[in-house]
file coords_37.cif (mmCIF, C-alpha atoms)
data_query
loop_
_atom_site.label_atom_id
_atom_site.label_comp_id
_atom_site.auth_asym_id
_atom_site.auth_seq_id
_atom_site.Cartn_x
_atom_site.Cartn_y
_atom_site.Cartn_z
CA MET A 23 98.03 95.13 -60.40
CA ILE A 24 96.25 94.10 -63.57
CA LYS A 25 93.89 91.91 -61.58
CA SER A 26 92.92 94.73 -59.24
CA GLN A 27 92.08 96.95 -62.21
CA ARG A 28 89.87 94.35 -63.79
CA ALA A 29 87.31 94.29 -60.98
CA PRO A 30 86.24 97.93 -61.35
CA ALA A 31 86.06 97.47 -65.13
CA LEU A 32 83.78 94.48 -64.70
CA LEU A 33 81.73 96.40 -62.19
CA LEU A 34 81.33 99.26 -64.66
CA ALA A 35 80.35 96.85 -67.42
CA GLY A 36 77.81 95.31 -65.07
CA MET A 37 76.40 98.71 -64.17
CA ALA A 38 76.17 99.68 -67.84
CA PHE A 39 74.26 96.47 -68.49
CA CYS A 40 71.83 97.15 -65.66
CA LEU A 41 71.31 100.73 -66.80
CA GLY A 42 70.74 99.49 -70.35
CA ALA A 43 68.14 97.01 -69.17
CA GLN A 44 66.29 99.74 -67.27
CA ALA A 45 66.63 102.46 -69.90
CA ALA A 46 62.88 102.62 -70.60
CA GLU A 47 61.41 105.51 -68.66
CA LEU A 48 58.82 104.90 -65.96
CA ALA A 49 55.54 106.29 -67.25
CA GLY A 50 52.99 105.35 -64.61
CA MET A 51 51.28 102.75 -62.47
CA VAL A 52 48.29 100.45 -62.81
CA LYS A 53 45.55 101.60 -60.42
CA THR A 54 42.58 99.50 -61.50
CA SER A 55 42.46 96.09 -63.13
CA SER A 56 39.73 93.58 -63.84
CA GLY A 57 39.38 90.48 -65.98
CA GLN A 58 42.17 89.66 -68.40
CA ALA A 59 44.66 92.53 -68.55
CA VAL A 60 48.35 92.23 -69.40
CA ILE A 61 51.36 94.44 -69.96
CA GLU A 62 53.43 93.40 -72.98
CA ARG A 63 57.08 94.45 -72.61
CA GLY A 64 59.22 93.23 -75.49
CA SER A 65 58.64 89.47 -75.52
CA GLU A 66 57.38 89.43 -71.91
CA ARG A 67 53.71 89.26 -70.94
CA LEU A 68 53.12 90.42 -67.38
CA PRO A 69 49.84 90.60 -65.50
CA ALA A 70 48.61 94.20 -65.29
CA SER A 71 47.90 94.08 -61.55
CA ILE A 72 47.14 97.00 -59.27
CA GLY A 73 50.53 98.51 -58.44
CA SER A 74 52.29 97.26 -61.62
CA GLN A 75 54.64 99.82 -63.14
CA VAL A 76 54.14 100.91 -66.74
CA PHE A 77 57.16 101.93 -68.84
CA VAL A 78 57.58 103.68 -72.17
CA ASP A 79 57.02 101.23 -75.06
CA ASP A 80 54.79 98.99 -72.92
CA LYS A 81 51.57 97.74 -74.49
CA LEU A 82 48.41 97.30 -72.42
CA ARG A 83 46.20 94.52 -73.73
CA THR A 84 42.80 93.51 -72.39
CA GLY A 85 40.62 90.49 -73.12
CA SER A 86 36.87 90.44 -73.73
CA ASP A 87 36.20 90.71 -69.97
CA GLY A 88 39.18 92.97 -69.17
CA ALA A 89 39.70 96.60 -68.25
CA VAL A 90 42.69 98.44 -66.84
CA GLY A 91 43.29 101.94 -65.45
CA VAL A 92 46.69 103.65 -65.32
CA THR A 93 47.79 106.94 -63.74
CA LEU A 94 50.80 108.44 -65.51
CA ARG A 95 53.46 110.40 -63.60
CA ASP A 96 52.05 113.75 -64.74
CA ASN A 97 48.60 112.78 -63.35
CA THR A 98 47.16 111.86 -66.74
CA LEU A 99 44.49 109.20 -66.18
CA LEU A 100 43.98 106.47 -68.77
CA SER A 101 41.69 103.47 -68.92
CA ALA A 102 41.34 100.76 -71.51
CA GLY A 103 38.07 98.89 -71.94
CA PRO A 104 37.60 95.30 -73.16
CA ASN A 105 39.42 93.95 -76.26
CA SER A 106 41.83 96.86 -76.34
CA LEU A 107 45.45 97.38 -77.27
CA ILE A 108 47.03 100.62 -76.05
CA VAL A 109 50.69 101.60 -76.53
CA VAL A 110 52.65 104.14 -74.49
CA ASP A 111 54.87 105.33 -77.36
CA LYS A 112 56.49 108.27 -75.60
CA PHE A 113 56.49 109.63 -72.10
CA ALA A 114 58.86 112.04 -70.36
CA PHE A 115 58.04 114.30 -67.44
CA ASP A 116 60.08 116.51 -65.13
CA SER A 117 58.06 116.96 -61.94
CA SER A 118 60.02 120.14 -61.02
CA THR A 119 59.55 122.09 -64.25
CA LEU A 120 56.37 120.23 -65.36
CA ALA A 121 57.98 119.98 -68.81
CA GLY A 122 57.41 116.78 -70.71
CA ARG A 123 55.89 115.08 -73.68
CA MET A 124 53.69 112.10 -74.28
CA SER A 125 52.28 110.08 -77.11
CA VAL A 126 49.80 107.24 -76.61
CA GLY A 127 48.41 105.02 -79.36
CA VAL A 128 45.07 103.24 -79.53
CA ARG A 129 45.59 100.24 -81.84
CA LYS A 130 42.16 98.81 -81.12
CA GLY A 131 39.39 98.94 -78.54
CA THR A 132 38.58 101.88 -76.31
CA LEU A 133 40.68 104.36 -74.38
CA SER A 134 39.37 106.92 -71.92
CA VAL A 135 41.62 109.88 -71.09
CA ALA A 136 41.72 112.70 -68.54
CA THR A 137 44.79 114.73 -69.39
CA GLY A 138 47.32 115.81 -66.75
CA LYS A 139 50.06 118.32 -66.09
CA ILE A 140 51.93 118.03 -69.39
CA ALA A 141 48.79 118.85 -71.37
CA LYS A 142 48.17 121.83 -69.11
CA GLN A 143 51.72 123.16 -69.37
CA SER A 144 52.42 122.37 -73.04
CA PRO A 145 49.42 120.90 -74.90
CA GLU A 146 51.44 120.76 -78.13
CA SER A 147 53.66 118.09 -76.51
CA VAL A 148 50.75 115.68 -76.05
CA ASP A 149 49.11 113.48 -78.63
CA PHE A 150 46.93 110.44 -78.83
CA HIS A 151 46.74 108.52 -82.08
CA THR A 152 44.74 105.84 -83.80
CA PRO A 153 45.68 103.94 -86.99
CA THR A 154 44.29 106.84 -89.04
CA SER A 155 44.04 109.97 -86.87
CA VAL A 156 46.03 112.10 -84.46
CA LEU A 157 44.26 113.79 -81.56
CA GLY A 158 45.57 117.02 -80.09
CA VAL A 159 44.25 118.09 -76.69
CA ARG A 160 43.72 121.03 -74.38
CA GLY A 161 43.02 120.06 -70.76
CA THR A 162 40.53 117.45 -71.69
CA GLU A 163 38.55 114.32 -70.98
CA PHE A 164 37.50 112.13 -73.88
CA VAL A 165 37.09 108.60 -75.15
CA VAL A 166 38.55 107.09 -78.33
CA GLU A 167 37.30 103.92 -79.93
CA VAL A 168 38.95 101.96 -82.75
CA SER A 169 37.11 98.98 -84.15
CA GLY A 170 38.60 96.69 -86.76
CA GLY A 171 42.11 97.79 -85.81
CA ARG A 172 45.20 95.61 -85.99
CA ASP A 173 46.12 93.12 -83.32
CA GLU A 174 49.71 94.24 -82.71
CA MET B 26 57.78 98.17 -97.90
CA ASN B 27 57.80 100.00 -101.24
CA LYS B 28 55.66 103.07 -101.76
CA PRO B 29 52.65 101.68 -103.66
CA LEU B 30 52.39 98.81 -101.17
CA ALA B 31 52.58 101.19 -98.19
CA LEU B 32 49.87 103.34 -99.74
CA LEU B 33 47.70 100.29 -100.32
CA ALA B 34 48.19 99.24 -96.69
CA VAL B 35 47.11 102.68 -95.48
CA LEU B 36 44.04 102.63 -97.74
CA LEU B 37 43.06 99.15 -96.58
CA LEU B 38 43.53 100.18 -92.98
CA ALA B 39 41.46 103.32 -93.47
CA GLY B 40 38.79 101.25 -95.19
CA CYS B 41 38.28 98.68 -92.47
CA ALA B 42 39.07 100.54 -89.25
CA SER B 43 36.25 102.65 -87.89
CA GLU B 44 36.87 105.21 -85.19
CA ARG B 45 34.90 107.31 -82.81
CA VAL B 46 36.00 110.13 -80.49
CA VAL B 47 33.70 111.71 -77.90
CA LEU B 48 34.60 114.76 -75.81
CA LEU B 49 33.39 114.32 -72.23
CA PRO B 50 32.37 117.14 -69.89
CA SER B 51 35.50 118.21 -67.97
CA ALA B 52 35.55 117.38 -64.25
CA ASP B 53 36.33 120.98 -63.28
CA GLY B 54 33.81 122.48 -65.69
CA ARG B 55 36.49 124.42 -67.56
CA PRO B 56 36.36 124.62 -71.34
CA SER B 57 38.29 121.85 -73.04
CA GLY B 58 38.71 120.44 -76.49
CA VAL B 59 40.12 117.79 -78.79
CA VAL B 60 41.31 118.33 -82.34
CA VAL B 61 41.05 115.18 -84.47
CA ARG B 62 43.34 115.33 -87.51
CA ASP B 63 43.62 112.88 -90.36
CA ALA B 64 44.74 112.90 -93.99
CA GLY B 65 41.44 114.57 -94.96
CA GLY B 66 41.63 117.52 -92.55
CA GLU B 67 40.63 118.19 -88.98
CA GLN B 68 37.59 118.30 -86.72
CA VAL B 69 37.41 120.29 -83.50
CA LEU B 70 35.36 118.89 -80.62
CA ASP B 71 34.87 121.67 -78.07
CA GLN B 72 31.44 121.11 -76.49
CA PRO B 73 30.52 118.37 -74.00
CA TYR B 74 29.56 115.19 -75.88
CA ALA B 75 30.66 116.58 -79.24
CA ALA B 76 31.71 113.51 -81.22
CA THR B 77 33.14 112.41 -84.50
CA VAL B 78 32.93 109.05 -86.21
CA ARG B 79 34.87 107.68 -89.16
CA ARG B 80 33.01 105.65 -91.73
CA LEU B 81 34.27 104.78 -95.21
CA GLY B 82 37.38 106.85 -94.63
CA SER B 83 35.89 110.20 -93.68
CA LEU B 84 35.14 111.85 -90.33
CA ARG B 85 31.59 112.99 -89.62
CA GLY B 86 30.73 115.13 -86.59
CA TYR B 87 27.64 114.53 -84.44
CA GLN B 88 26.30 115.25 -80.97
CA SER B 89 26.55 112.29 -78.61
CA ASP B 90 25.07 112.23 -75.10
CA ALA B 91 25.47 110.71 -71.65
CA ALA B 92 23.31 107.69 -72.53
CA GLU B 93 25.38 106.74 -75.60
CA VAL B 94 28.63 107.23 -73.67
CA GLU B 95 27.37 104.98 -70.86
CA ALA B 96 26.19 102.31 -73.30
CA ARG B 97 29.43 102.27 -75.34
CA TYR B 98 32.06 103.21 -72.78
CA GLY B 99 30.58 102.59 -69.33
CA GLN B 100 32.93 99.68 -68.65
CA THR B 101 35.94 101.68 -69.82
CA LEU B 102 35.03 104.73 -67.74
CA ARG B 103 34.50 102.64 -64.62
CA ALA B 104 38.14 101.48 -64.96
CA MET B 105 39.44 105.06 -64.72
CA PRO B 106 41.83 105.57 -61.80
CA GLN B 107 40.74 107.77 -58.91
CA ARG B 108 41.58 111.43 -59.50
CA PRO B 109 44.79 112.69 -57.93
CA VAL B 110 44.37 115.11 -55.06
CA SER B 111 46.68 117.47 -53.19
CA TYR B 112 46.73 118.92 -49.70
CA THR B 113 48.72 121.84 -48.34
CA LEU B 114 49.93 121.88 -44.74
CA TYR B 115 51.25 125.07 -43.11
CA PHE B 116 54.04 125.60 -40.57
CA GLU B 117 54.94 127.83 -37.66
CA PRO B 118 57.86 130.21 -38.51
CA GLY B 119 61.41 128.91 -38.75
CA GLY B 120 60.92 125.24 -37.97
CA ASP B 121 59.08 122.04 -38.81
CA LYS B 122 56.11 122.41 -36.43
CA LEU B 123 52.72 122.34 -38.16
CA THR B 124 50.10 124.97 -37.40
CA ALA B 125 47.25 123.62 -35.28
CA ALA B 126 44.80 123.72 -38.21
CA SER B 127 47.17 121.75 -40.44
CA ALA B 128 47.91 119.19 -37.74
CA ALA B 129 44.16 118.59 -37.54
CA GLU B 130 44.00 117.87 -41.28
CA PHE B 131 46.22 114.83 -40.94
CA ALA B 132 43.32 112.46 -40.30
CA ASN B 133 41.76 113.36 -43.68
CA ILE B 134 45.02 112.79 -45.52
CA LYS B 135 45.57 109.44 -43.87
CA ARG B 136 42.03 108.37 -44.76
CA ASP B 137 42.47 109.47 -48.37
CA ILE B 138 45.71 107.50 -48.75
CA ALA B 139 44.19 104.39 -47.18
CA ALA B 140 41.23 104.54 -49.57
CA ARG B 141 43.41 104.40 -52.69
CA ALA B 142 44.70 101.32 -54.43
CA ALA B 143 48.47 101.58 -54.94
CA ALA B 144 48.70 105.17 -53.69
CA GLU B 145 51.77 107.18 -54.69
CA ILE B 146 52.56 110.14 -52.47
CA MET B 147 54.77 113.14 -53.21
CA VAL B 148 55.72 115.35 -50.25
CA ILE B 149 57.22 118.72 -51.23
CA GLY B 150 58.46 121.27 -48.70
CA HIS B 151 58.60 125.06 -49.13
CA THR B 152 59.65 128.07 -47.04
CA ASP B 153 58.97 131.78 -46.89
CA ARG B 154 61.81 134.16 -47.80
CA VAL B 155 63.09 134.84 -44.27
CA GLY B 156 66.73 133.70 -44.05
CA ALA B 157 69.34 132.68 -46.64
CA ALA B 158 68.28 130.69 -49.70
CA ALA B 159 70.58 127.78 -48.82
CA ALA B 160 69.23 127.60 -45.26
CA ASN B 161 65.71 127.58 -46.70
CA ASP B 162 66.57 124.66 -49.01
CA ALA B 163 67.55 122.72 -45.90
CA LEU B 164 64.49 123.89 -43.94
CA SER B 165 62.08 122.94 -46.76
CA ALA B 166 63.60 119.45 -46.92
CA LYS B 167 63.34 119.19 -43.12
CA ARG B 168 59.64 120.13 -43.26
CA ALA B 169 58.95 117.55 -45.95
CA GLN B 170 60.79 114.88 -43.96
CA ALA B 171 58.88 115.82 -40.80
CA VAL B 172 55.60 115.31 -42.67
CA ARG B 173 56.82 112.02 -44.10
CA GLU B 174 57.80 110.80 -40.63
CA GLN B 175 54.43 111.80 -39.27
CA LEU B 176 52.64 109.97 -42.09
CA ALA B 177 54.88 106.94 -41.56
CA GLY B 178 53.99 107.08 -37.87
CA GLU B 179 50.33 106.90 -38.93
CA GLY B 180 51.07 103.72 -40.85
CA VAL B 181 51.70 105.01 -44.38
CA PRO B 182 54.48 102.87 -45.94
CA VAL B 183 57.68 104.94 -46.34
CA GLU B 184 58.45 103.47 -49.79
CA LYS B 185 55.23 104.99 -51.16
CA MET B 186 56.41 108.49 -50.31
CA GLU B 187 58.79 110.63 -52.34
CA VAL B 188 60.19 113.69 -50.59
CA ALA B 189 61.64 116.92 -51.99
CA GLY B 190 62.49 120.41 -50.72
CA ARG B 191 62.15 123.40 -53.01
CA GLY B 192 63.34 126.09 -50.56
CA GLU B 193 61.96 129.58 -51.10
CA ARG B 194 61.93 129.44 -54.91
CA GLU B 195 58.28 128.44 -55.43
CA PRO B 196 56.27 130.74 -53.16
CA LEU B 197 52.51 130.39 -53.15
CA VAL B 198 52.39 134.16 -52.57
CA PRO B 199 55.30 136.05 -54.19
CA THR B 200 56.97 138.44 -51.72
CA ALA B 201 60.11 140.55 -51.36
CA ASP B 202 63.06 138.87 -49.66
CA GLU B 203 62.91 138.48 -45.85
CA VAL B 204 59.10 138.73 -45.73
CA ASP B 205 57.45 136.46 -43.13
CA GLU B 206 54.56 135.00 -45.17
CA PRO B 207 52.68 132.15 -43.43
CA ARG B 208 51.13 130.86 -46.67
CA ASN B 209 54.58 130.16 -48.09
CA ARG B 210 55.69 128.03 -45.11
CA ARG B 211 54.08 124.87 -46.34
CA VAL B 212 54.33 121.27 -47.44
CA GLU B 213 52.31 120.07 -50.40
CA ILE B 214 51.19 116.46 -50.35
CA SER B 215 50.14 115.12 -53.75
CA ILE B 216 48.38 111.78 -53.73
CA ARG B 217 47.64 109.77 -56.86
#
call {"tool": "encode", "arguments": {"input": "coords_37.cif", "output": "structure tokens"}}
result
Amino acid sequence: MIKSQRAPALLLAGMAFCLGAQAAELAGMVKTSSGQAVIERGSERLPASIGSQVFVDDKLRTGSDGAVGVTLRDNTLLSAGPNSLIVVDKFAFDSSTLAGRMSVGVRKGTLSVATGKIAKQSPESVDFHTPTSVLGVRGTEFVVEVSGGRDE
Amino acid sequence: MNKPLALLAVLLLAGCASERVVLLPSADGRPSGVVVRDAGGEQVLDQPYAATVRRLGSLRGYQSDAAEVEARYGQTLRAMPQRPVSYTLYFEPGGDKLTAASAAEFANIKRDIAARAAAEIMVIGHTDRVGAAAANDALSAKRAQAVREQLAGEGVPVEKMEVAGRGEREPLVPTADEVDEPRNRRVEISIR
């Protein structure tokens, strides 16, 4: 009797572990990639290849010959140029209600942005930031450059 | 970090990091804007190529242009993903049969999907307001599935397609209940 109850408990524990490991929300997908481009996820460094998924808290890092383009789930388009470090600090999006929020940081290098559905629905829920500034947007395309920024 | 140290770090950071923001012309030509805020205040960029640059800790506005943007950011802009696009397909009343015009549009959609790297496809079904709401939920899902099957038959991988039915609750053209409105019997295909 005790034995038969243990299996479901273990199963639940296992499920909780899996859920915990996948808790970071899917933010988008890599659509273009050239040269050296990696996704840093915790202590992992993964190649940022076309089709790679991008999660909240991921960092996109490019080398001197690298560039990477990502489409977020709300149709926001991002691209990082060479020698860049971009962080997806927050992203949440409900494709039924179009409600969501996002916050993307440019630590160094260049980021090009074409905002998507969240910015259209609730521009106050969207920000881009650099080490010294915060950018608010209204249905917008722009580039941000940070030189002399930090490396992490 | 204690307060004076944190302040020093911020000052050092502000001293050595330079920044530039350039507003680009919007793809759809609609007015757009960026507000750049820092400890010293804010700058509004609301004209194409309006720019601001930080030097020695303060933001200074200027007018950039296409040539400067290409020289500084050409490589970055060329890495931008292809713009998402959406198609709307319409149905004959009551079922999951496409109108002739919509059936003919399939070739374009297939070509568009094939041309994209790592395409993600969202197929969302809708109905008009003829019939019960619950029946229309089922019908909208059936329409979306029919479109997915047709796309799969054309060689689009099933795992790239997400399907949803929204019933009669998101009409393209709002109507009273039980109105037969062809423009509401549709499936939207969003490709990104």
call {"tool": "closest_residue", "arguments": {"input": "coords_37.cif", "among": "B:Met105, B:Ala166, B:Ile134, B:Val69", "to": "chain A", "atoms": "only C-alpha atoms"}}
result
B:Met105
call {"tool": "closest_residue", "arguments": {"input": "coords_37.cif", "among": "B:Gly120, B:Leu102, B:Asp71, B:Arg45", "to": "Ser57 of chain B", "atoms": "only C-alpha atoms"}}
result
B:Asp71
call {"tool": "interface_residues", "arguments": {"input": "coords_37.cif", "of": "chain B", "to": "chain A", "cutoff": "8 Å", "atoms": "all atoms listed in the file", "output": "number ranges by chain"}}
result
B: 38-39, 41-52, 57-64, 98, 100-102, 104-109, 142-143, 217
call {"tool": "resolve_selection", "arguments": {"input": "coords_37.cif", "expression": "the PyMOL selection byres ((chain B and resi 138) around 12)", "output": "PDB file with C-alpha atoms, in the coordinates of the input"}}
result
ATOM      1  CA  GLN B 107      40.740 107.770 -58.910  1.00  0.00           C
ATOM      2  CA  PRO B 109      44.790 112.690 -57.930  1.00  0.00           C
ATOM      3  CA  VAL B 110      44.370 115.110 -55.060  1.00  0.00           C
ATOM      4  CA  SER B 111      46.680 117.470 -53.190  1.00  0.00           C
ATOM      5  CA  TYR B 112      46.730 118.920 -49.700  1.00  0.00           C
ATOM      6  CA  PHE B 131      46.220 114.830 -40.940  1.00  0.00           C
ATOM      7  CA  ALA B 132      43.320 112.460 -40.300  1.00  0.00           C
ATOM      8  CA  ASN B 133      41.760 113.360 -43.680  1.00  0.00           C
ATOM      9  CA  ILE B 134      45.020 112.790 -45.520  1.00  0.00           C
ATOM     10  CA  LYS B 135      45.570 109.440 -43.870  1.00  0.00           C
ATOM     11  CA  ARG B 136      42.030 108.370 -44.760  1.00  0.00           C
ATOM     12  CA  ASP B 137      42.470 109.470 -48.370  1.00  0.00           C
ATOM     13  CA  ALA B 139      44.190 104.390 -47.180  1.00  0.00           C
ATOM     14  CA  ALA B 140      41.230 104.540 -49.570  1.00  0.00           C
ATOM     15  CA  ARG B 141      43.410 104.400 -52.690  1.00  0.00           C
ATOM     16  CA  ALA B 142      44.700 101.320 -54.430  1.00  0.00           C
ATOM     17  CA  ALA B 143      48.470 101.580 -54.940  1.00  0.00           C
ATOM     18  CA  ALA B 144      48.700 105.170 -53.690  1.00  0.00           C
ATOM     19  CA  GLU B 145      51.770 107.180 -54.690  1.00  0.00           C
ATOM     20  CA  ILE B 146      52.560 110.140 -52.470  1.00  0.00           C
ATOM     21  CA  MET B 147      54.770 113.140 -53.210  1.00  0.00           C
ATOM     22  CA  LEU B 176      52.640 109.970 -42.090  1.00  0.00           C
ATOM     23  CA  ALA B 177      54.880 106.940 -41.560  1.00  0.00           C
ATOM     24  CA  GLU B 179      50.330 106.900 -38.930  1.00  0.00           C
ATOM     25  CA  GLY B 180      51.070 103.720 -40.850  1.00  0.00           C
ATOM     26  CA  VAL B 181      51.700 105.010 -44.380  1.00  0.00           C
ATOM     27  CA  PRO B 182      54.480 102.870 -45.940  1.00  0.00           C
ATOM     28  CA  LYS B 185      55.230 104.990 -51.160  1.00  0.00           C
ATOM     29  CA  MET B 186      56.410 108.490 -50.310  1.00  0.00           C
ATOM     30  CA  ILE B 214      51.190 116.460 -50.350  1.00  0.00           C
ATOM     31  CA  SER B 215      50.140 115.120 -53.750  1.00  0.00           C
ATOM     32  CA  ILE B 216      48.380 111.780 -53.730  1.00  0.00           C
ATOM     33  CA  ARG B 217      47.640 109.770 -56.860  1.00  0.00           C
TER      34      ARG B 217
END
call {"tool": "resolve_selection", "arguments": {"input": "coords_37.cif", "expression": "the PyMOL selection byres ((chain B and resi 197-205) around 9)", "output": "PyMOL selection string"}}
result
chain B and resi 118+153-157+195-196+206-211
call {"tool": "closest_residue", "arguments": {"input": "coords_37.cif", "among": "A:Glu146, A:Val78, A:Thr84, A:Thr137", "to": "Asp111 of chain A", "atoms": "all atoms listed in the file"}}
result
A:Val78
call {"tool": "atom_distance", "arguments": {"input": "coords_37.cif", "atom1": "atom CA of Lys112 of chain A", "atom2": "atom CA of Ala70 of chain A"}}
result
19.1 Å
call {"tool": "atom_distance", "arguments": {"input": "coords_37.cif", "atom1": "atom CA of Glu174 of chain A", "atom2": "atom CA of Thr77 of chain B"}}
result
24.7 Å
call {"tool": "resolve_selection", "arguments": {"input": "coords_37.cif", "expression": "the PyMOL selection byres ((chain A and resi 143) around 10)", "output": "list of chain:residue names"}}
result
A:Thr119, A:Leu120, A:Ala121, A:Gly122, A:Gly138, A:Lys139, A:Ile140, A:Ala141, A:Lys142, A:Ser144, A:Pro145, A:Glu146, A:Ser147, A:Arg160, A:Gly161
call {"tool": "residues_around", "arguments": {"input": "coords_37.cif", "residues": "segment 188-192 of chain B", "least_positions_apart": "3", "cutoff": "6 Å", "atoms": "all atoms listed in the file", "output": "PyMOL selection string"}}
result
chain B and resi 148-152+161-162+165-166
call {"tool": "axis_aligned_box", "arguments": {"input": "coords_37.cif", "around": "segment 89-104 of chain B", "padding_each_side": "4 Å", "output": "lines of an AutoDock Vina configuration file"}}
result
center_x = 30.7
center_y = 106.0
center_z = -71.6
size_x = 22.8
size_y = 20.6
size_z = 22.0
call {"tool": "decode", "arguments": {"input": "coords_37.cif", "residues": "segment 74-87 of chain B", "atoms": "N, CA and C atoms", "output": "PDB file, in the first residue's frame"}}
result
ATOM      1  N   TYR B  74      14.540  59.944 -38.197  1.00  0.00           N
ATOM      2  CA  TYR B  74      15.967  60.235 -38.045  1.00  0.00           C
ATOM      3  C   TYR B  74      16.275  61.246 -36.932  1.00  0.00           C
ATOM      4  N   ALA B  75      15.285  61.596 -36.127  1.00  0.00           N
ATOM      5  CA  ALA B  75      15.600  62.374 -34.927  1.00  0.00           C
ATOM      6  C   ALA B  75      16.491  61.502 -34.057  1.00  0.00           C
ATOM      7  N   ALA B  76      17.515  62.099 -33.442  1.00  0.00           N
ATOM      8  CA  ALA B  76      18.497  61.301 -32.707  1.00  0.00           C
ATOM      9  C   ALA B  76      18.920  62.022 -31.448  1.00  0.00           C
ATOM     10  N   THR B  77      19.462  61.243 -30.534  1.00  0.00           N
ATOM     11  CA  THR B  77      20.064  61.863 -29.358  1.00  0.00           C
ATOM     12  C   THR B  77      21.337  61.101 -29.025  1.00  0.00           C
ATOM     13  N   VAL B  78      22.342  61.830 -28.550  1.00  0.00           N
ATOM     14  CA  VAL B  78      23.603  61.192 -28.215  1.00  0.00           C
ATOM     15  C   VAL B  78      24.044  61.678 -26.840  1.00  0.00           C
ATOM     16  N   ARG B  79      24.592  60.741 -26.061  1.00  0.00           N
ATOM     17  CA  ARG B  79      25.067  61.108 -24.728  1.00  0.00           C
ATOM     18  C   ARG B  79      26.578  61.272 -24.764  1.00  0.00           C
ATOM     19  N   ARG B  80      27.023  62.453 -24.353  1.00  0.00           N
ATOM     20  CA  ARG B  80      28.466  62.654 -24.177  1.00  0.00           C
ATOM     21  C   ARG B  80      28.685  63.389 -22.875  1.00  0.00           C
ATOM     22  N   LEU B  81      29.663  62.944 -22.104  1.00  0.00           N
ATOM     23  CA  LEU B  81      29.980  63.553 -20.814  1.00  0.00           C
ATOM     24  C   LEU B  81      28.724  63.655 -19.948  1.00  0.00           C
ATOM     25  N   GLY B  82      27.906  62.612 -20.015  1.00  0.00           N
ATOM     26  CA  GLY B  82      26.793  62.503 -19.072  1.00  0.00           C
ATOM     27  C   GLY B  82      25.509  63.203 -19.459  1.00  0.00           C
ATOM     28  N   SER B  83      25.497  63.988 -20.566  1.00  0.00           N
ATOM     29  CA  SER B  83      24.209  64.608 -20.879  1.00  0.00           C
ATOM     30  C   SER B  83      23.761  64.287 -22.306  1.00  0.00           C
ATOM     31  N   LEU B  84      22.452  64.261 -22.506  1.00  0.00           N
ATOM     32  CA  LEU B  84      21.889  63.920 -23.813  1.00  0.00           C
ATOM     33  C   LEU B  84      21.781  65.176 -24.674  1.00  0.00           C
ATOM     34  N   ARG B  85      22.171  65.045 -25.930  1.00  0.00           N
ATOM     35  CA  ARG B  85      22.074  66.173 -26.852  1.00  0.00           C
ATOM     36  C   ARG B  85      21.345  65.688 -28.106  1.00  0.00           C
ATOM     37  N   GLY B  86      20.283  66.392 -28.491  1.00  0.00           N
ATOM     38  CA  GLY B  86      19.506  65.999 -29.657  1.00  0.00           C
ATOM     39  C   GLY B  86      20.163  66.476 -30.943  1.00  0.00           C
ATOM     40  N   TYR B  87      19.993  65.729 -32.028  1.00  0.00           N
ATOM     41  CA  TYR B  87      20.440  66.182 -33.341  1.00  0.00           C
ATOM     42  C   TYR B  87      19.645  65.452 -34.410  1.00  0.00           C
TER      43      TYR B  87
END
